[in-house]
Structure formats: C-alpha cells, structure tokens
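The data block below is target33.txt; it holds compact mmCIF, C-alpha atoms.
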# COMPACT_ATOMS: atom_id res chain seq x y z
CA MET A 1 129.83 102.12 133.63
CA LYS A 2 126.26 101.25 132.80
CA GLU A 3 124.96 104.11 134.87
CA LEU A 4 127.32 106.58 133.17
CA TRP A 5 125.95 105.42 129.85
CA THR A 6 122.38 105.89 131.14
CA LEU A 7 123.30 109.43 132.23
CA PHE A 8 124.77 110.18 128.81
CA LEU A 9 121.70 108.83 126.97
CA THR A 10 119.22 110.57 129.25
CA PHE A 11 120.86 113.96 128.79
CA ALA A 12 121.29 113.37 125.07
CA ARG A 13 117.51 112.94 124.99
CA VAL A 14 117.06 116.17 126.96
CA GLY A 15 119.38 117.92 124.50
CA CYS A 16 117.34 116.58 121.58
CA PHE A 17 114.05 117.85 122.89
CA THR A 18 115.11 121.23 124.23
CA PHE A 19 114.79 124.01 121.72
CA GLY A 20 116.62 127.15 122.76
CA GLY A 21 117.70 125.97 126.20
CA GLY A 22 117.01 127.89 129.39
CA TYR A 23 113.50 127.52 130.74
CA ALA A 24 112.45 125.47 127.72
CA MET A 25 114.38 122.55 129.16
CA LEU A 26 112.61 122.45 132.54
CA PRO A 27 109.56 120.42 131.47
CA VAL A 28 111.80 117.96 129.57
CA LEU A 29 114.13 117.65 132.56
CA GLN A 30 111.19 117.06 134.84
CA LYS A 31 109.95 114.19 132.70
CA GLU A 32 113.37 112.54 132.30
CA ILE A 33 114.93 113.21 135.71
CA VAL A 34 112.00 113.30 138.13
CA ASP A 35 109.26 111.16 136.56
CA LYS A 36 111.22 108.57 134.61
CA ASN A 37 114.44 108.03 136.58
CA GLY A 38 113.60 109.41 140.01
CA TRP A 39 117.08 110.96 140.25
CA ALA A 40 115.81 114.09 141.97
CA THR A 41 112.60 115.45 143.43
CA GLU A 42 110.83 118.33 141.80
CA GLU A 43 112.10 120.76 144.47
CA GLU A 44 115.67 119.56 144.04
CA LEU A 45 115.40 120.03 140.29
CA VAL A 46 114.27 123.64 140.73
CA ASP A 47 117.20 124.17 143.13
CA TYR A 48 119.68 122.72 140.64
CA PHE A 49 118.23 124.91 137.95
CA ALA A 50 118.57 128.00 140.17
CA ILE A 51 122.24 127.13 140.74
CA GLY A 52 122.67 126.61 136.99
CA GLN A 53 121.36 130.12 136.45
CA CYS A 54 123.77 131.82 138.82
CA THR A 55 126.93 130.03 137.78
CA PRO A 56 128.90 131.03 134.70
CA GLY A 57 128.21 129.27 131.43
CA VAL A 58 125.21 127.80 129.65
CA ILE A 59 122.36 127.16 132.11
CA ALA A 60 121.34 123.84 130.54
CA VAL A 61 124.92 122.58 130.72
CA ASN A 62 125.35 123.70 134.34
CA THR A 63 122.15 121.94 135.39
CA SER A 64 123.18 118.74 133.58
CA THR A 65 126.63 118.75 135.16
CA PHE A 66 125.09 119.24 138.60
CA ILE A 67 122.62 116.35 138.28
CA GLY A 68 125.28 114.07 136.76
CA TYR A 69 127.70 114.90 139.57
CA LYS A 70 125.08 114.22 142.25
CA ARG A 71 124.40 110.80 140.68
CA LYS A 72 127.85 109.52 139.87
CA GLY A 73 130.54 111.99 140.97
CA ILE A 74 132.92 113.74 138.60
CA LEU A 75 132.58 111.13 135.84
CA GLY A 76 128.81 111.39 136.13
CA GLY A 77 129.01 115.16 135.69
CA ILE A 78 131.16 114.73 132.59
CA ALA A 79 128.91 112.00 131.13
CA ALA A 80 125.76 114.10 131.62
CA THR A 81 127.39 117.18 130.08
CA LEU A 82 128.71 115.31 127.05
CA GLY A 83 125.25 113.80 126.57
CA MET A 84 123.67 117.25 126.71
CA VAL A 85 125.95 118.71 124.02
CA PHE A 86 126.08 115.64 121.76
CA PRO A 87 122.85 116.34 119.79
CA SER A 88 123.95 119.96 119.20
CA LEU A 89 127.29 118.82 117.83
CA VAL A 90 125.72 116.45 115.32
CA ILE A 91 122.74 118.55 114.26
CA ILE A 92 124.54 121.90 113.99
CA MET A 93 127.42 120.48 111.98
CA LEU A 94 125.02 118.82 109.55
CA ILE A 95 123.07 122.05 109.12
CA SER A 96 126.21 124.19 108.70
CA ALA A 97 127.52 121.80 106.06
CA VAL A 98 124.23 122.00 104.16
CA LEU A 99 123.99 125.79 104.52
CA LYS A 100 127.50 126.26 103.23
CA ASN A 101 126.53 124.55 99.99
CA PHE A 102 123.25 126.36 99.49
CA SER A 103 123.92 129.82 100.89
CA SER A 104 124.65 131.33 97.49
CA LEU A 105 121.21 130.45 96.09
CA PRO A 106 118.99 133.56 95.76
CA LEU A 107 116.08 131.71 97.37
CA VAL A 108 118.15 130.92 100.46
CA GLN A 109 119.43 134.49 100.61
CA TYR A 110 115.90 135.91 100.55
CA ALA A 111 114.85 133.45 103.23
CA PHE A 112 117.74 134.50 105.43
CA SER A 113 117.02 138.21 104.92
CA GLY A 114 113.58 137.53 106.35
CA ILE A 115 115.01 135.34 109.10
CA ARG A 116 117.47 138.06 110.15
CA VAL A 117 114.57 140.43 110.74
CA ALA A 118 112.81 137.79 112.85
CA VAL A 119 116.00 137.26 114.86
CA ALA A 120 116.29 141.02 115.45
CA VAL A 121 112.71 141.01 116.78
CA LEU A 122 113.39 138.03 119.04
CA VAL A 123 116.54 139.66 120.43
CA VAL A 124 114.72 142.95 121.02
CA ASN A 125 112.01 141.06 122.92
CA VAL A 126 114.65 139.32 125.06
CA VAL A 127 116.29 142.66 125.85
CA ILE A 128 112.95 144.25 126.82
CA LYS A 129 112.17 141.31 129.10
CA MET A 130 115.65 141.49 130.64
CA LEU A 131 115.31 145.24 131.18
CA LYS A 132 112.11 144.64 133.14
CA THR A 133 113.54 141.93 135.37
CA SER A 134 117.13 143.07 135.85
CA ILE A 135 116.72 146.77 136.56
CA ILE A 136 114.81 146.90 139.79
CA ASP A 137 116.08 150.18 141.28
CA TYR A 138 117.95 153.39 140.48
CA LEU A 139 121.35 151.84 141.01
CA GLY A 140 120.46 149.07 138.56
CA ALA A 141 119.63 151.71 135.97
CA VAL A 142 122.95 153.48 136.66
CA ILE A 143 124.89 150.23 136.23
CA PHE A 144 123.00 149.55 133.00
CA ILE A 145 123.81 152.99 131.58
CA ILE A 146 127.47 152.88 132.62
CA ALA A 147 127.89 149.41 131.08
CA LEU A 148 126.13 150.57 127.91
CA ILE A 149 128.31 153.67 127.51
CA THR A 150 131.48 151.74 128.30
CA GLY A 151 130.53 149.16 125.69
CA ILE A 152 129.86 151.83 123.06
CA LEU A 153 132.91 154.00 123.71
CA PHE A 154 135.61 151.47 124.48
CA ASP A 155 136.72 148.43 122.58
CA ILE A 156 137.11 146.22 125.64
CA SER A 157 136.21 142.59 126.23
CA PRO A 158 132.82 141.93 127.87
CA ILE A 159 134.82 140.02 130.50
CA TYR A 160 135.96 143.25 132.18
CA ILE A 161 132.48 144.75 132.25
CA ILE A 162 131.13 141.55 133.81
CA ILE A 163 133.86 141.34 136.47
CA ALA A 164 133.58 145.06 137.32
CA SER A 165 129.80 144.93 137.67
CA ALA A 166 129.92 141.85 139.90
CA LEU A 167 132.55 143.46 142.16
CA PHE A 168 130.50 146.65 142.27
CA GLY A 169 127.41 144.67 143.32
CA ILE A 170 129.30 142.99 146.16
CA LEU A 171 130.92 146.27 147.28
CA PHE A 172 127.61 148.13 147.30
CA LYS A 173 125.70 145.44 149.20
CA LYS A 174 128.57 145.08 151.67
CA ILE A 175 128.65 148.81 152.41
CA ARG A 176 124.90 148.89 152.78
CA SER A 177 124.82 145.90 155.13
CA VAL A 178 127.61 147.43 157.25
CA ASN A 179 125.72 150.73 157.44
CA ASN A 180 122.51 149.00 158.43
CA VAL A 181 124.03 147.14 161.37
CA MET B 1 147.37 126.51 116.44
CA ILE B 2 143.75 127.21 115.68
CA TYR B 3 142.29 124.44 117.87
CA LEU B 4 144.08 125.68 120.97
CA LEU B 5 142.88 129.19 120.26
CA LEU B 6 139.28 128.08 119.72
CA PHE B 7 139.42 126.10 122.95
CA SER B 8 140.81 128.99 125.00
CA GLU B 9 138.43 131.59 123.52
CA PHE B 10 135.37 129.42 124.19
CA PHE B 11 136.70 128.46 127.60
CA LYS B 12 136.70 132.18 128.43
CA MET B 13 133.13 132.47 127.14
CA GLY B 14 132.06 129.52 129.28
CA LEU B 15 133.68 131.14 132.29
CA PHE B 16 132.35 134.68 131.87
CA ALA B 17 129.12 134.46 129.89
CA VAL B 18 126.60 134.66 132.73
CA GLY B 19 122.83 134.83 132.38
CA GLY B 20 121.98 132.13 129.86
CA GLY B 21 120.41 132.31 126.43
CA LEU B 22 122.03 135.10 124.48
CA ALA B 23 124.76 135.72 127.08
CA THR B 24 127.41 134.42 124.67
CA LEU B 25 126.37 136.89 121.96
CA PRO B 26 128.46 139.90 123.15
CA PHE B 27 131.45 137.54 123.37
CA LEU B 28 130.89 136.26 119.85
CA TYR B 29 130.88 139.82 118.49
CA ALA B 30 134.09 140.52 120.40
CA PHE B 31 135.51 137.27 118.96
CA ALA B 32 134.56 138.28 115.38
CA ASP B 33 136.19 141.64 116.03
CA LYS B 34 139.44 140.06 117.11
CA TYR B 35 139.90 137.25 114.60
CA PRO B 36 139.39 137.18 110.85
CA TRP B 37 137.72 133.71 110.72
CA LEU B 38 134.32 134.80 111.88
CA ASP B 39 132.33 137.30 109.81
CA PRO B 40 130.06 139.27 112.19
CA ALA B 41 127.48 139.37 109.37
CA VAL B 42 126.78 135.65 109.84
CA LEU B 43 126.01 135.97 113.57
CA PRO B 44 122.27 136.71 113.09
CA ASP B 45 121.99 133.64 110.84
CA MET B 46 123.71 131.63 113.55
CA ILE B 47 121.21 132.82 116.14
CA ALA B 48 118.39 131.73 113.82
CA VAL B 49 119.89 128.27 113.37
CA SER B 50 120.65 127.95 117.09
CA GLU B 51 117.11 128.92 118.08
CA SER B 52 115.48 126.60 115.55
CA THR B 53 117.46 123.49 116.35
CA PRO B 54 117.47 121.37 119.51
CA GLY B 55 120.01 122.10 122.20
CA PRO B 56 121.00 125.12 124.29
CA ILE B 57 121.65 128.27 122.22
CA GLY B 58 125.14 128.84 123.68
CA VAL B 59 126.24 125.30 122.82
CA ASN B 60 124.77 125.49 119.31
CA MET B 61 126.57 128.79 118.64
CA ALA B 62 129.89 127.36 119.86
CA THR B 63 129.52 124.33 117.59
CA TYR B 64 128.57 126.57 114.67
CA VAL B 65 131.51 128.96 115.08
CA GLY B 66 133.98 126.14 115.73
CA TYR B 67 132.79 124.14 112.73
CA SER B 68 132.74 127.05 110.30
CA THR B 69 136.20 128.12 111.49
CA ALA B 70 138.02 124.81 111.59
CA GLY B 71 135.78 121.93 110.51
CA ILE B 72 134.44 119.04 112.57
CA LEU B 73 137.32 119.01 115.04
CA GLY B 74 136.93 122.78 115.43
CA GLY B 75 133.25 122.32 116.33
CA ILE B 76 134.08 119.69 118.92
CA VAL B 77 136.97 121.69 120.42
CA ALA B 78 134.93 124.94 120.70
CA THR B 79 132.02 123.12 122.35
CA LEU B 80 134.25 121.31 124.82
CA GLY B 81 135.97 124.61 125.59
CA LEU B 82 132.61 126.20 126.34
CA VAL B 83 131.42 123.47 128.74
CA MET B 84 134.74 122.86 130.51
CA PRO B 85 134.37 125.79 132.97
CA SER B 86 130.83 124.62 133.80
CA ILE B 87 132.10 121.17 134.70
CA ILE B 88 134.86 122.59 136.91
CA VAL B 89 132.79 125.32 138.59
CA ILE B 90 129.72 123.15 139.18
CA ILE B 91 131.72 120.29 140.67
CA ILE B 92 133.46 122.68 143.07
CA ILE B 93 130.13 124.22 144.07
CA ALA B 94 128.41 120.85 144.46
CA LYS B 95 131.24 119.65 146.66
CA PHE B 96 131.86 122.64 148.89
CA LEU B 97 129.07 125.16 148.80
CA HIS B 98 125.65 124.43 150.10
CA ARG B 99 122.81 126.73 149.20
CA PHE B 100 125.11 128.48 146.75
CA ASN B 101 122.37 130.54 145.12
CA GLU B 102 121.32 131.96 148.50
CA ASN B 103 124.87 133.02 149.38
CA PHE B 104 125.26 136.75 150.17
CA TYR B 105 128.20 137.28 147.83
CA VAL B 106 126.57 135.42 144.96
CA GLN B 107 123.36 137.41 145.29
CA SER B 108 125.24 140.71 145.58
CA ALA B 109 127.39 139.91 142.56
CA PHE B 110 124.24 139.18 140.56
CA TYR B 111 122.67 142.42 141.73
CA GLY B 112 125.48 144.21 139.88
CA LEU B 113 125.79 141.71 137.05
CA ARG B 114 122.23 141.58 135.76
CA PRO B 115 121.93 145.19 134.55
CA ALA B 116 125.43 145.03 133.02
CA VAL B 117 124.68 141.79 131.17
CA THR B 118 121.45 143.34 129.91
CA ALA B 119 123.46 146.28 128.56
CA LEU B 120 125.93 143.95 126.83
CA ILE B 121 123.14 141.95 125.20
CA ALA B 122 121.34 145.16 124.22
CA LEU B 123 124.50 146.31 122.42
CA ALA B 124 124.84 142.97 120.64
CA GLY B 125 121.13 143.16 119.84
CA PHE B 126 121.69 146.52 118.16
CA GLU B 127 124.29 144.89 115.91
CA VAL B 128 121.73 142.24 114.96
CA PHE B 129 119.14 144.94 114.29
CA LYS B 130 121.61 146.88 112.16
CA ALA B 131 122.44 143.80 110.10
CA SER B 132 118.78 143.06 109.45
CA VAL B 133 117.36 146.49 108.69
CA PHE B 134 120.11 148.94 107.72
CA THR B 135 121.66 148.94 104.27
CA LEU B 136 124.77 150.95 105.02
CA GLU B 137 126.60 149.77 101.90
CA ARG B 138 123.88 151.05 99.63
CA TYR B 139 123.82 154.35 101.54
CA GLY B 140 127.59 154.61 101.19
CA VAL B 141 127.21 154.51 97.40
CA THR B 142 124.15 156.73 96.88
CA LYS B 143 124.29 158.97 100.00
CA GLN B 144 120.50 159.17 99.99
CA ILE B 145 118.76 159.00 103.37
CA ALA B 146 116.03 156.81 101.90
CA HIS B 147 118.69 154.24 101.07
CA LEU B 148 119.88 154.00 104.66
CA VAL B 149 117.28 151.43 105.66
CA ASP B 150 115.47 148.68 103.82
CA MET B 151 111.75 149.57 103.84
CA LYS B 152 110.51 145.99 103.45
CA SER B 153 112.67 144.89 106.40
CA ILE B 154 111.42 147.76 108.58
CA LEU B 155 107.81 146.83 107.81
CA LEU B 156 108.46 143.17 108.57
CA PHE B 157 110.25 144.17 111.77
CA ALA B 158 107.32 146.27 112.97
CA ALA B 159 104.78 143.60 112.04
CA LEU B 160 106.74 140.82 113.78
CA LEU B 161 107.36 142.95 116.87
CA PHE B 162 103.62 143.39 117.17
CA ILE B 163 102.74 139.75 116.43
CA THR B 164 105.35 138.26 118.77
CA ASN B 165 103.98 140.34 121.62
CA ILE B 166 100.34 139.33 121.21
CA THR B 167 100.89 135.67 120.32
CA LYS B 168 103.29 133.54 122.33
CA LYS B 169 104.46 130.92 119.86
CA HIS B 170 107.80 129.19 119.82
CA PRO B 171 110.57 131.27 118.11
CA ILE B 172 110.80 128.65 115.31
CA VAL B 173 107.31 129.60 114.15
CA TYR B 174 108.33 133.24 113.67
CA ILE B 175 111.66 132.32 112.10
CA LEU B 176 110.02 130.02 109.54
CA GLY B 177 107.26 132.55 108.86
CA ALA B 178 109.83 135.29 108.28
CA ALA B 179 111.78 133.00 105.94
CA ALA B 180 108.61 132.43 103.87
CA LEU B 181 107.87 136.17 103.77
CA GLY B 182 111.49 136.87 102.83
CA ILE B 183 111.17 134.59 99.81
CA MET B 184 107.70 135.87 98.86
CA PHE B 185 108.60 139.56 98.98
CA LYS B 186 112.26 139.19 97.95
CA ILE B 187 113.52 141.11 100.98

What's the structure tokens form of this structure?
Amino acid sequence: MKELWTLFLTFARVGCFTFGGGYAMLPVLQKEIVDKNGWATEEELVDYFAIGQCTPGVIAVNTSTFIGYKRKGILGGIAATLGMVFPSLVIIMLISAVLKNFSSLPLVQYAFSGIRVAVAVLVVNVVIKMLKTSIIDYLGAVIFIIALITGILFDISPIYIIIASALFGILFKKIRSVNNV
Amino acid sequence: MIYLLLFSEFFKMGLFAVGGGLATLPFLYAFADKYPWLDPAVLPDMIAVSESTPGPIGVNMATYVGYSTAGILGGIVATLGLVMPSIIVIIIIAKFLHRFNENFYVQSAFYGLRPAVTALIALAGFEVFKASVFTLERYGVTKQIAHLVDMKSILLFAALLFITNITKKHPIVYILGAAALGIMFKI
C-alpha cells in the first residue's frame, strides 16, 4: 500500500513539472525514476518511453503505466497513471472555472485573440516538424496526400484513417519482405 | 447519459489517438462536429491552456472538454476514459510482448500511420489557423476581400513564425507574449 502511494506521489510530481508532455517529461522522469528512486536504469527508461510512443494514447500516460506496472503489477500501473493525471485534473478545472467567469471581459478577449495566433504558429511548427520526420519516402508522401484528401472530402472519423493507414503499412512491408526473400 | 458518452468518446480517443502531443486534436474536432456541447471555436484556447499548464496536452484537453461539458464529474470521467485504454494496452504489452517497439508488425503499422497522423494533425492545424486569422463572419457581411482576414493577426502570425524558428523558447513564452501583444494592439 505504501509503495502504491509512493508511485502515485512520484508521478503526481512528474505531472506537475511536465509542461506539454512528450519529450518534455523525459528529464523530469529521469530525475524522479532513475536518480531518486532507482526504479529503472537510464536505458530502461528510454525503452519504456519508446514503447509509450508506439502504443495508442498519451505518451506520458503510457510511460507512467508501464513503469508503475513493472514496479507493482496492475495496481501499480493504475496508481502511477492516476498520479500522472491528478495535477491536470485539479489545475485545468481551476483554470476553466476562472476563464468561464472572465471570458467576456474585453481585455481577456484581446489576450485570447493574440494567444490563438500563437497557438496557430505552434501547431504549424509541429506539423512542419512532423512532415520532416514522418515522410521519409515516396510512399509516405502518397499516404500523407491520400489521408489529407480523404479528411477534406469525407466526413469520417479519424479512427478509420488511422486503422486503414496502419493496415496499409503492414500490408506493404509484408509484400516487400516476401518479395525480397 | 452524458457521463457515459464522455467516457466512451474519450476511451475511443485514448485507443486511437497515436503519436502523442496534438494527436487528440483531430478527434476533438470530430467530437465538436458530432455533439453540440463543444464549440470548435474554443479548441485553440484549449490548446493554449493545455500547453501553458503542467501535464500532458492530451490529458489537459480531456479534462478541459469534460469539465466544460459536464462539470467536475465530467472532467474526471473524460480523463479516466482517455487513460483507460493506455492502462489496458500497456499492461498486456508489458506482460506478453517483449521488445514490442522492435516488432515487425508494430514498425510496419507505424510506417503507414505516421504520414496519415501528420495529415490529420495538419487538417486540424488548418482549423486552428482559420480560427486565428480569418474573419469569415465579417466577410460574410461585407463581401470585401480585404475583410476576409484580420491584418493584425496575419502580421503577428508571420512575426511569431519567424521568431519561434530562430529562438527555441518554451511555448508558454510565446503564448504569454502573444497575449500581451493582443491586449496592446487590440487584435
């Protein structure tokens, strides 16, 4: 029980000090998990993070669940995950409650008009970075264009585009590996 | 039953939003499209809040949507819905699959997934861009091309695009700076 509580608190701390998630959490994780608690080596942590990246869901949550599970089984995974999301729950709800009350003020509206532009810039930068890393060959470009056109023309859930592209990736690699043998 | 619906919608996001960071964004636009409780116009504000507060962006967005849709319990239910698939999938992988990320099928699936996810996020990004720069309502009234975009926003966009690519500060710095400029120039 005590160790579950420690897991919860440790990941709540990680959640408190990670802004934006993803790679931003690696240095914090390293300090809490490797240096302070010795729950994993640095190499293991990078492995867990890699698994967190290629499983569905939020990377930070996946990595927390994995480390918690390795420590204390299923309950450990749950404790670590709840710890990770706890700060978000509290902070975001407080902020939303405040925003709701002030959002009609002209000052706040001007601020958010500026903020929206900044967010657009940040998203554009993310997309440019993703374009560079995710499209590595012609087929990647074809998949990108097909997904883009499908998304524009049809009102379908992203779920189907994601499933179709994953199946296509497997099919293509399978055919190529069969042909190469 | 709104809580059940929030849980199941965010469970689906947790199960299919792959790629981290903004991966939940296309799903949130689809969600706003489907249900009347979420105004797509608030999504860019939500991204700003999620990026400027501690915690993973996906989790912050789930809490935000859940809370603004159905109060405190809504925030909790949406967030739990989002993380539930992670708990299930990760525990299965940790138990049965060694070297999961080096598995042939996983790597092949991601070969196809990455460009598609980029396309989905690019589309969602265009919605964010539209909300920040275009003034379609004003254009609808006046029908003048000059009223299609907000000049101040375009200038700020260009300036920030340049600055963010030569300085590498944390997103909060740019968000706060843009807020100050928004107030100063009444954007």

Which of these residues is nearest to Ile172 in chain B, using all atoms listed in the file: A:Tyr69, A:Phe11, A:Trp39, A:Phe19?
A:Phe19

Show me, as a PDB file with C-alpha atoms, in the coordinates of the input, the residues that have an atom within 12 Å of Glu102 in chain B when counting all atoms listed in the file, minus same-chain residues fewer than 6 positions from it.
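The resulting part.pdb:
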ATOM      1  CA  ASP A  47     117.200 124.170 143.130  1.00  0.00           C
ATOM      2  CA  ALA A  50     118.570 128.000 140.170  1.00  0.00           C
ATOM      3  CA  ILE A  51     122.240 127.130 140.740  1.00  0.00           C
ATOM      4  CA  CYS A  54     123.770 131.820 138.820  1.00  0.00           C
TER       5      CYS A  54
ATOM      6  CA  SER B 108     125.240 140.710 145.580  1.00  0.00           C
ATOM      7  CA  ALA B 109     127.390 139.910 142.560  1.00  0.00           C
ATOM      8  CA  PHE B 110     124.240 139.180 140.560  1.00  0.00           C
TER       9      PHE B 110
END

Could you pull the residues within 9 Å of Lys173 in chain A, counting only C-alpha atoms, minus those fewer than 4 positions along the same chain, as a VMD selection string?
(chain A and resid 168 to 169 177 to 178) or (chain B and resid 104 to 105 108 to 109 111)

All residues 6 Å or closer to Thr18 in chain A, all atoms listed in the file, same chain fewer than 6 positions away omitted, as number ranges by chain
A: 25; B: 54-55

Only C-alpha atoms, please: the residues just picked out, written as a PDB file, in the frame of the given file.
ATOM      1  CA  MET A  25     114.380 122.550 129.160  1.00  0.00           C
TER       2      MET A  25
ATOM      3  CA  PRO B  54     117.470 121.370 119.510  1.00  0.00           C
ATOM      4  CA  GLY B  55     120.010 122.100 122.200  1.00  0.00           C
TER       5      GLY B  55
END

Range 126-134 of chain A environment, 8 Å, all atoms listed in the file, sequence neighbours closer than 4 positions dropped, as a tab-separated table (two decimals) with C-alpha atoms, keeping the file's coordinate frame:
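Saved to part-v9.tsv:
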chain	number	residue	atom	x	y	z
A	122	LEU	CA	113.39	138.03	119.04
A	140	GLY	CA	120.46	149.07	138.56
B	114	ARG	CA	122.23	141.58	135.76
B	115	PRO	CA	121.93	145.19	134.55
B	118	THR	CA	121.45	143.34	129.91
B	121	ILE	CA	123.14	141.95	125.20
B	122	ALA	CA	121.34	145.16	124.22
B	125	GLY	CA	121.13	143.16	119.84

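Distance-wise, CA of Phe10 in chain B and CA of Asn103 in chain B end up 27.5 Å apart.
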
Given the point (102.8, 137.5, 117.8) in the file's coordinates, find the residues that have an atom at most 12 Å from it, counting all atoms listed in the file, and give them as an MDAnalysis selection string.
(chainID A and resid 118 121:122 125) or (chainID B and resid 157:171 173:175 177)

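The interatomic distance for the pair CA of Ser104 in chain A and CA of Cys16 in chain A works out to 29.2 Å.
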
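If only C-alpha atoms are the atoms counted, then among B:Ser8, B:Gln144, B:Thr63, B:Thr135 the closest residue to Val49 in chain B is B:Thr63.
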
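Minimum distance to chain A across B:Ala30, B:Leu136, B:Val149, B:Leu73 (counting only C-alpha atoms) occurs at B:Ala30.
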
Excluding same-chain residues fewer than 3 positions from Leu15 in chain B, what lies within 8 Å of it counting all atoms listed in the file, as a PyMOL selection string?
(chain A and resi 56-57) or (chain B and resi 11-12+18+82+85-86)

Just write the chosen residues, C-alpha atoms, as an mmCIF file, in the coordinates of the input.
data_model
loop_
_atom_site.group_PDB
_atom_site.id
_atom_site.type_symbol
_atom_site.label_atom_id
_atom_site.label_comp_id
_atom_site.auth_asym_id
_atom_site.auth_seq_id
_atom_site.Cartn_x
_atom_site.Cartn_y
_atom_site.Cartn_z
ATOM 1 C CA PRO A 56 128.900 131.030 134.700
ATOM 2 C CA GLY A 57 128.210 129.270 131.430
ATOM 3 C CA PHE B 11 136.700 128.460 127.600
ATOM 4 C CA LYS B 12 136.700 132.180 128.430
ATOM 5 C CA VAL B 18 126.600 134.660 132.730
ATOM 6 C CA LEU B 82 132.610 126.200 126.340
ATOM 7 C CA PRO B 85 134.370 125.790 132.970
ATOM 8 C CA SER B 86 130.830 124.620 133.800
#
